[in-house]
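Data from query26.cif: mmCIF, C-alpha atoms
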```
data_query
#
loop_
_atom_site.group_PDB
_atom_site.id
_atom_site.type_symbol
_atom_site.label_atom_id
_atom_site.label_comp_id
_atom_site.auth_asym_id
_atom_site.auth_seq_id
_atom_site.Cartn_x
_atom_site.Cartn_y
_atom_site.Cartn_z
ATOM 1 C CA MET A 1325 102.201 62.362 62.414
ATOM 2 C CA ARG A 1326 99.880 65.147 63.471
ATOM 3 C CA ALA A 1327 99.247 63.368 66.798
ATOM 4 C CA LEU A 1328 103.007 63.170 67.421
ATOM 5 C CA PHE A 1329 103.399 66.884 66.649
ATOM 6 C CA LEU A 1330 100.565 67.805 69.065
ATOM 7 C CA ALA A 1331 102.032 65.598 71.786
ATOM 8 C CA ALA A 1332 105.447 67.212 71.342
ATOM 9 C CA ALA A 1333 103.913 70.695 71.436
ATOM 10 C CA ILE A 1334 101.997 69.908 74.640
ATOM 11 C CA ALA A 1335 105.144 68.488 76.244
ATOM 12 C CA ALA A 1336 107.109 71.594 75.266
ATOM 13 C CA LEU A 1337 104.444 73.834 76.763
ATOM 14 C CA ALA A 1338 104.421 71.841 79.988
ATOM 15 C CA LEU A 1339 108.225 72.005 80.185
ATOM 16 C CA GLY A 1340 108.095 75.741 79.492
ATOM 17 C CA ASP A 1341 105.583 76.227 82.328
ATOM 18 C CA ALA A 1342 107.808 74.234 84.689
ATOM 19 C CA ARG A 1343 110.786 76.400 83.800
ATOM 20 C CA ALA A 1344 108.849 79.696 83.908
ATOM 21 C CA ALA A 1345 110.373 82.418 86.042
ATOM 22 C CA PRO A 1346 108.959 82.542 89.578
ATOM 23 C CA ALA A 1347 106.472 85.315 90.212
ATOM 24 C CA ILE A 1348 106.359 87.977 92.903
ATOM 25 C CA ALA A 1349 103.295 87.110 94.976
ATOM 26 C CA SER A 1350 101.017 89.190 97.188
ATOM 27 C CA GLY A 1351 100.951 88.605 100.920
ATOM 28 C CA ALA A 1352 102.636 89.035 104.283
ATOM 29 C CA TYR A 1353 106.294 87.977 104.313
ATOM 30 C CA GLU A 1354 108.585 87.321 107.258
ATOM 31 C CA ASN A 1355 110.116 90.289 109.084
ATOM 32 C CA THR A 1356 107.121 92.535 108.397
ATOM 33 C CA LEU A 1357 107.331 92.944 104.623
ATOM 34 C CA LEU A 1358 103.914 93.345 102.948
ATOM 35 C CA LEU A 1359 103.527 93.075 99.159
ATOM 36 C CA GLY A 1360 100.561 93.599 96.848
ATOM 37 C CA VAL A 1361 100.596 92.851 93.119
ATOM 38 C CA ASP A 1362 97.838 93.966 90.751
ATOM 39 C CA PRO A 1363 97.562 91.197 88.124
ATOM 40 C CA ALA A 1364 95.732 93.535 85.721
ATOM 41 C CA THR A 1365 98.473 96.178 85.577
ATOM 42 C CA GLY A 1366 101.594 94.497 86.983
ATOM 43 C CA ALA A 1367 101.897 97.255 89.583
ATOM 44 C CA VAL A 1368 103.582 96.160 92.815
ATOM 45 C CA SER A 1369 103.498 98.029 96.113
ATOM 46 C CA GLY A 1370 104.738 97.167 99.552
ATOM 47 C CA TYR A 1371 105.704 98.274 103.012
ATOM 48 C CA PHE A 1372 108.551 97.326 105.322
ATOM 49 C CA ASP A 1373 108.314 98.312 108.997
ATOM 50 C CA MET A 1374 110.691 96.809 111.541
ATOM 51 C CA THR A 1375 111.852 98.125 114.909
ATOM 52 C CA GLN A 1376 114.462 96.599 117.184
ATOM 53 C CA GLY A 1377 113.952 97.325 120.865
ATOM 54 C CA GLY A 1378 116.445 98.296 123.472
ATOM 55 C CA GLN A 1379 117.941 101.615 124.414
ATOM 56 C CA PRO A 1380 118.138 103.200 121.971
ATOM 57 C CA SER A 1381 115.678 101.510 119.605
ATOM 58 C CA PHE A 1382 116.162 101.583 115.820
ATOM 59 C CA SER A 1383 113.528 101.562 113.088
ATOM 60 C CA CYS A 1384 113.631 100.711 109.401
ATOM 61 C CA ILE A 1385 110.476 101.911 107.633
ATOM 62 C CA PHE A 1386 109.756 102.502 103.956
ATOM 63 C CA TYR A 1387 107.098 102.117 101.273
ATOM 64 C CA LEU A 1388 107.862 100.680 97.845
ATOM 65 C CA LYS A 1389 106.208 100.750 94.452
ATOM 66 C CA GLY A 1390 107.070 99.688 90.926
ATOM 67 C CA ARG A 1391 105.963 97.470 88.049
ATOM 68 C CA VAL A 1392 106.646 93.741 87.716
ATOM 69 C CA SER A 1393 108.217 92.331 84.553
ATOM 70 C CA THR A 1394 109.234 88.655 84.249
ATOM 71 C CA GLY A 1395 109.715 88.003 87.954
ATOM 72 C CA SER A 1396 111.392 91.249 88.968
ATOM 73 C CA ALA A 1397 110.585 94.932 89.383
ATOM 74 C CA SER A 1398 112.484 98.178 89.561
ATOM 75 C CA VAL A 1399 111.023 99.831 92.671
ATOM 76 C CA ASP A 1400 111.135 103.238 94.297
ATOM 77 C CA THR A 1401 111.396 103.093 98.080
ATOM 78 C CA TYR A 1402 110.702 106.002 100.417
ATOM 79 C CA PHE A 1403 109.352 106.974 103.821
ATOM 80 C CA PRO A 1404 105.574 107.523 103.469
ATOM 81 C CA ASP A 1405 105.797 111.039 104.926
ATOM 82 C CA ASP A 1406 108.627 112.055 102.578
ATOM 83 C CA PRO A 1407 108.214 110.497 99.106
ATOM 84 C CA LYS A 1408 110.572 112.873 97.272
ATOM 85 C CA SER A 1409 113.726 113.578 99.267
ATOM 86 C CA ASP A 1410 113.923 110.096 100.833
ATOM 87 C CA ARG A 1411 113.581 108.137 97.558
ATOM 88 C CA ILE A 1412 115.949 105.242 96.826
ATOM 89 C CA ARG A 1413 115.520 103.090 93.704
ATOM 90 C CA GLY A 1414 116.150 99.364 94.027
ATOM 91 C CA THR A 1415 115.183 95.944 92.694
ATOM 92 C CA LEU A 1416 112.591 93.467 93.951
ATOM 93 C CA SER A 1417 112.903 89.975 92.484
ATOM 94 C CA ALA A 1418 111.352 86.537 92.948
ATOM 95 C CA GLN A 1419 113.785 83.946 94.295
ATOM 96 C CA GLY A 1420 111.542 80.900 93.992
ATOM 97 C CA ALA A 1421 108.014 80.050 95.046
ATOM 98 C CA GLY A 1422 106.989 82.409 97.846
ATOM 99 C CA LYS A 1423 110.408 84.042 98.166
ATOM 100 C CA VAL A 1424 111.592 87.532 97.219
ATOM 101 C CA ARG A 1425 114.787 89.577 97.455
ATOM 102 C CA LEU A 1426 114.960 93.360 97.846
ATOM 103 C CA VAL A 1427 118.231 95.078 96.925
ATOM 104 C CA LEU A 1428 118.950 98.795 97.411
ATOM 105 C CA PRO A 1429 122.151 100.681 96.537
ATOM 106 C CA ASN A 1430 122.184 102.232 100.017
ATOM 107 C CA ASP A 1431 120.044 101.901 103.127
ATOM 108 C CA HIS A 1432 117.356 104.230 104.404
ATOM 109 C CA GLY A 1433 118.080 105.917 107.739
ATOM 110 C CA GLY A 1434 117.943 103.410 110.583
ATOM 111 C CA CYS A 1435 117.907 100.345 108.328
ATOM 112 C CA GLY A 1436 121.629 99.698 108.694
ATOM 113 C CA ASN A 1437 121.018 98.928 112.381
ATOM 114 C CA VAL A 1438 117.901 96.808 111.826
ATOM 115 C CA TRP A 1439 117.840 95.048 108.436
ATOM 116 C CA GLN A 1440 120.345 95.857 105.707
ATOM 117 C CA PHE A 1441 119.293 96.060 102.056
ATOM 118 C CA ALA A 1442 122.579 97.303 100.564
ATOM 119 C CA ASP A 1443 124.976 94.548 101.665
ATOM 120 C CA PRO A 1444 125.689 92.272 98.656
ATOM 121 C CA GLY A 1445 127.221 89.679 100.970
ATOM 122 C CA GLU A 1446 123.968 89.286 102.911
ATOM 123 C CA PRO A 1447 121.015 89.850 100.567
ATOM 124 C CA ALA A 1448 117.662 90.822 102.075
ATOM 125 C CA ASP A 1449 115.573 87.721 101.338
ATOM 126 C CA PHE A 1450 112.024 87.197 102.560
ATOM 127 C CA ALA A 1451 109.820 84.092 102.667
ATOM 128 C CA MET A 1452 106.045 84.209 102.394
ATOM 129 C CA GLN A 1453 104.167 83.657 105.650
ATOM 130 C CA THR A 1454 100.581 84.432 104.623
ATOM 131 C CA PRO A 1455 99.590 84.562 100.939
ATOM 132 C CA ARG A 1456 96.785 87.071 100.319
ATOM 133 C CA PRO A 1457 94.954 88.280 97.165
ATOM 134 C CA TRP A 1458 96.017 91.918 97.655
ATOM 135 C CA THR A 1459 96.202 94.187 94.627
ATOM 136 C CA SER A 1460 98.215 96.802 96.523
ATOM 137 C CA VAL A 1461 99.515 97.829 99.930
ATOM 138 C CA ARG A 1462 98.688 101.145 101.608
ATOM 139 C CA VAL A 1463 99.901 102.866 104.784
ATOM 140 C CA VAL A 1464 97.758 104.534 107.448
ATOM 141 C CA LYS A 1465 98.413 108.262 107.938
ATOM 142 C CA ALA A 1466 95.582 109.063 110.402
ATOM 143 C CA ALA A 1467 96.114 108.766 114.158
ATOM 144 C CA LYS A 1468 93.267 106.213 114.080
ATOM 145 C CA ALA A 1469 91.734 104.640 110.973
ATOM 146 C CA TYR A 1470 88.607 102.665 111.857
ATOM 147 C CA PHE A 1471 87.357 99.642 109.925
ATOM 148 C CA TYR A 1472 83.787 99.967 108.620
ATOM 149 C CA PRO A 1473 81.658 96.915 107.757
ATOM 150 C CA SER A 1474 80.641 98.649 104.498
ATOM 151 C CA PRO A 1475 81.435 101.986 102.802
ATOM 152 C CA SER A 1476 78.775 103.772 104.860
ATOM 153 C CA GLY A 1477 77.238 103.803 108.324
ATOM 154 C CA ALA A 1478 79.013 103.538 111.660
ATOM 155 C CA HIS A 1479 82.503 102.123 112.094
ATOM 156 C CA GLY A 1480 83.317 99.079 114.192
ATOM 157 C CA LYS A 1481 85.681 98.840 117.167
ATOM 158 C CA ALA A 1482 88.740 97.693 115.209
ATOM 159 C CA TYR A 1483 91.098 100.396 114.004
ATOM 160 C CA MET A 1484 94.601 100.923 112.658
ATOM 161 C CA VAL A 1485 97.106 103.534 113.840
ATOM 162 C CA LYS A 1486 99.474 105.779 111.910
ATOM 163 C CA GLY A 1487 102.232 103.797 110.230
ATOM 164 C CA ASP A 1488 100.335 100.498 109.976
ATOM 165 C CA GLY A 1489 100.459 98.780 106.595
ATOM 166 C CA VAL A 1490 97.340 97.178 105.108
ATOM 167 C CA GLY A 1491 96.695 94.950 102.108
ATOM 168 C CA VAL A 1492 94.070 96.210 99.671
ATOM 169 C CA LEU A 1493 91.425 93.874 98.259
ATOM 170 C CA ALA A 1494 89.208 96.403 96.472
ATOM 171 C CA ALA A 1495 88.527 100.123 96.202
ATOM 172 C CA GLN A 1496 85.623 102.385 95.385
ATOM 173 C CA SER A 1497 85.144 106.128 95.499
ATOM 174 C CA GLY A 1498 86.592 107.356 98.794
ATOM 175 C CA TRP A 1499 86.922 103.866 100.323
ATOM 176 C CA VAL A 1500 89.407 100.984 100.387
ATOM 177 C CA GLN A 1501 88.576 97.400 101.378
ATOM 178 C CA ALA A 1502 91.631 96.290 103.332
ATOM 179 C CA GLU A 1503 93.124 93.691 105.669
ATOM 180 C CA PHE A 1504 95.612 93.990 108.493
ATOM 181 C CA VAL A 1505 97.478 90.749 109.190
ATOM 182 C CA GLY A 1506 98.468 90.722 112.856
ATOM 183 C CA GLU A 1507 100.441 88.162 114.830
ATOM 184 C CA LYS A 1508 97.284 86.662 116.347
ATOM 185 C CA ARG A 1509 94.454 87.627 113.995
ATOM 186 C CA THR A 1510 93.516 89.453 110.813
ATOM 187 C CA SER A 1511 91.296 92.555 110.889
ATOM 188 C CA ALA A 1512 89.364 93.438 107.749
ATOM 189 C CA GLY A 1513 86.811 95.935 106.492
ATOM 190 C CA TRP A 1514 86.544 99.249 104.705
ATOM 191 C CA LEU A 1515 88.812 102.215 105.452
ATOM 192 C CA ARG A 1516 88.312 105.833 104.463
ATOM 193 C CA GLU A 1517 90.829 106.652 101.761
ATOM 194 C CA THR A 1518 91.543 109.991 103.442
ATOM 195 C CA ASP A 1519 92.992 108.018 106.379
ATOM 196 C CA LEU A 1520 95.680 106.517 104.115
ATOM 197 C CA TYR A 1521 98.783 107.904 102.431
ATOM 198 C CA ALA A 1522 98.518 108.295 98.659
ATOM 199 C CA PRO A 1523 99.675 105.164 96.792
#
```
Please render this file's structure as structure tokens.
Amino acid sequence: MRALFLAAAIAALALGDARAAPAIASGAYENTLLLGVDPATGAVSGYFDMTQGGQPSFSCIFYLKGRVSTGSASVDTYFPDDPKSDRIRGTLSAQGAGKVRLVLPNDHGGCGNVWQFADPGEPADFAMQTPRPWTSVRVVKAAKAYFYPSPSGAHGKAYMVKGDGVGVLAAQSGWVQAEFVGEKRTSAGWLRETDLYAP
């Protein structure tokens, strides 16, 4: 009898795991959405940066942060240079393995011409392209932010420019270990925290 009860309990647990809500995962998503989730705190941060060429060109750029709870998060979105007056609150939710949806009540300036987040008829869905173990996402504010091989000494040749988004792997006093996922390669190393916008 006890064996039957244990077997039933294990089966119920397995079924519960199979039906568990999908999770928001860290990594680089299609159409230049970066997301980082800290498993210790549930904090989620991200960055969307998309420009459509032509004359004139249009840009849709904003940072996001919030806290994940059962597969979704209420997030504040804003331009990194203007976190107060540009703030729009929205919802980030998992839509299955490696898929997320970002919904805003209205679009940031420029987004309506590039990628809409406020159109209920065409939700802004994103599929994972490169999963990464990022605990957060930060944005470069310096004209040039060089990668260092360690939090001391001389920097290397690789650098980021203002407005680039990076995934954070670790942090220590005054330094952030980060990755930039490019179209052809990934650059990694330590960045000075003063070269980045505040999280």
Checklist entry - Expressed in Å to a single decimal, how great is the separation between CA of Thr1518 in chain A and CA of Tyr1470 in chain A? => result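 Separation between CA of Thr1518 in chain A and CA of Tyr1470 in chain A: 11.5 Å.
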Checklist entry - Neighbours of Asp1488 in chain A within 7 Å (all atoms listed in the file; same-chain residues fewer than 4 positions away dropped), as a PyMOL selection string? => result chain A and resi 1463-1464+1484
Item to check | Selection under test: the PyMOL selection byres ((chain A and resi 1443) around 9); residues as a PyMOL selection string | outcome: chain A and resi 1427-1431+1440-1442+1444-1448
Checklist entry - Any idea what's packed within 12 Å of Asp1405 in chain A, counting all atoms listed in the file, ignoring anything in its chain fewer than 4 positions away? Could you give it as number ranges by chain? => result A: 1385-1387, 1401, 1409-1411, 1463-1466, 1486-1487, 1520-1523
Next on the checklist: Translate the PyMOL selection byres ((chain A and resi 1413-1419) around 10) into a concrete residue list for this structure, as an MDAnalysis selection string.
Outcome noted: chainID A and resid 1345:1349 1368 1388:1402 1411:1412 1420:1430 1441:1442 1448:1451
Taking the file as I've supplied it (selection: the PyMOL selection byres ((chain A and resi 1357) around 9)), which residues are included? Please answer as a PDB file with C-alpha atoms, in the coordinates of the input.
```pdb
ATOM      1  CA  GLY A1351     100.951  88.605 100.920  1.00  0.00           C
ATOM      2  CA  ALA A1352     102.636  89.035 104.283  1.00  0.00           C
ATOM      3  CA  TYR A1353     106.294  87.977 104.313  1.00  0.00           C
ATOM      4  CA  GLU A1354     108.585  87.321 107.258  1.00  0.00           C
ATOM      5  CA  ASN A1355     110.116  90.289 109.084  1.00  0.00           C
ATOM      6  CA  THR A1356     107.121  92.535 108.397  1.00  0.00           C
ATOM      7  CA  LEU A1358     103.914  93.345 102.948  1.00  0.00           C
ATOM      8  CA  LEU A1359     103.527  93.075  99.159  1.00  0.00           C
ATOM      9  CA  GLY A1370     104.738  97.167  99.552  1.00  0.00           C
ATOM     10  CA  TYR A1371     105.704  98.274 103.012  1.00  0.00           C
ATOM     11  CA  PHE A1372     108.551  97.326 105.322  1.00  0.00           C
ATOM     12  CA  ASP A1373     108.314  98.312 108.997  1.00  0.00           C
ATOM     13  CA  MET A1374     110.691  96.809 111.541  1.00  0.00           C
ATOM     14  CA  PHE A1450     112.024  87.197 102.560  1.00  0.00           C
TER      15      PHE A1450
END
```
Sel. within 12 Å of pt (90.2, 96.4, 95.8), counting all atoms listed in the file, output as a PDB file with C-alpha atoms, keeping the file's coordinate frame:
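As written to disk, point17.pdb reads:
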```pdb
ATOM      1  CA  GLY A1360     100.561  93.599  96.848  1.00  0.00           C
ATOM      2  CA  VAL A1361     100.596  92.851  93.119  1.00  0.00           C
ATOM      3  CA  ASP A1362      97.838  93.966  90.751  1.00  0.00           C
ATOM      4  CA  PRO A1363      97.562  91.197  88.124  1.00  0.00           C
ATOM      5  CA  ALA A1364      95.732  93.535  85.721  1.00  0.00           C
ATOM      6  CA  PRO A1457      94.954  88.280  97.165  1.00  0.00           C
ATOM      7  CA  TRP A1458      96.017  91.918  97.655  1.00  0.00           C
ATOM      8  CA  THR A1459      96.202  94.187  94.627  1.00  0.00           C
ATOM      9  CA  SER A1460      98.215  96.802  96.523  1.00  0.00           C
ATOM     10  CA  VAL A1461      99.515  97.829  99.930  1.00  0.00           C
ATOM     11  CA  ARG A1462      98.688 101.145 101.608  1.00  0.00           C
ATOM     12  CA  VAL A1490      97.340  97.178 105.108  1.00  0.00           C
ATOM     13  CA  GLY A1491      96.695  94.950 102.108  1.00  0.00           C
ATOM     14  CA  VAL A1492      94.070  96.210  99.671  1.00  0.00           C
ATOM     15  CA  LEU A1493      91.425  93.874  98.259  1.00  0.00           C
ATOM     16  CA  ALA A1494      89.208  96.403  96.472  1.00  0.00           C
ATOM     17  CA  ALA A1495      88.527 100.123  96.202  1.00  0.00           C
ATOM     18  CA  GLN A1496      85.623 102.385  95.385  1.00  0.00           C
ATOM     19  CA  SER A1497      85.144 106.128  95.499  1.00  0.00           C
ATOM     20  CA  GLY A1498      86.592 107.356  98.794  1.00  0.00           C
ATOM     21  CA  TRP A1499      86.922 103.866 100.323  1.00  0.00           C
ATOM     22  CA  VAL A1500      89.407 100.984 100.387  1.00  0.00           C
ATOM     23  CA  GLN A1501      88.576  97.400 101.378  1.00  0.00           C
ATOM     24  CA  ALA A1502      91.631  96.290 103.332  1.00  0.00           C
ATOM     25  CA  GLU A1503      93.124  93.691 105.669  1.00  0.00           C
ATOM     26  CA  GLY A1513      86.811  95.935 106.492  1.00  0.00           C
ATOM     27  CA  TRP A1514      86.544  99.249 104.705  1.00  0.00           C
ATOM     28  CA  LEU A1515      88.812 102.215 105.452  1.00  0.00           C
ATOM     29  CA  GLU A1517      90.829 106.652 101.761  1.00  0.00           C
TER      30      GLU A1517
END
```
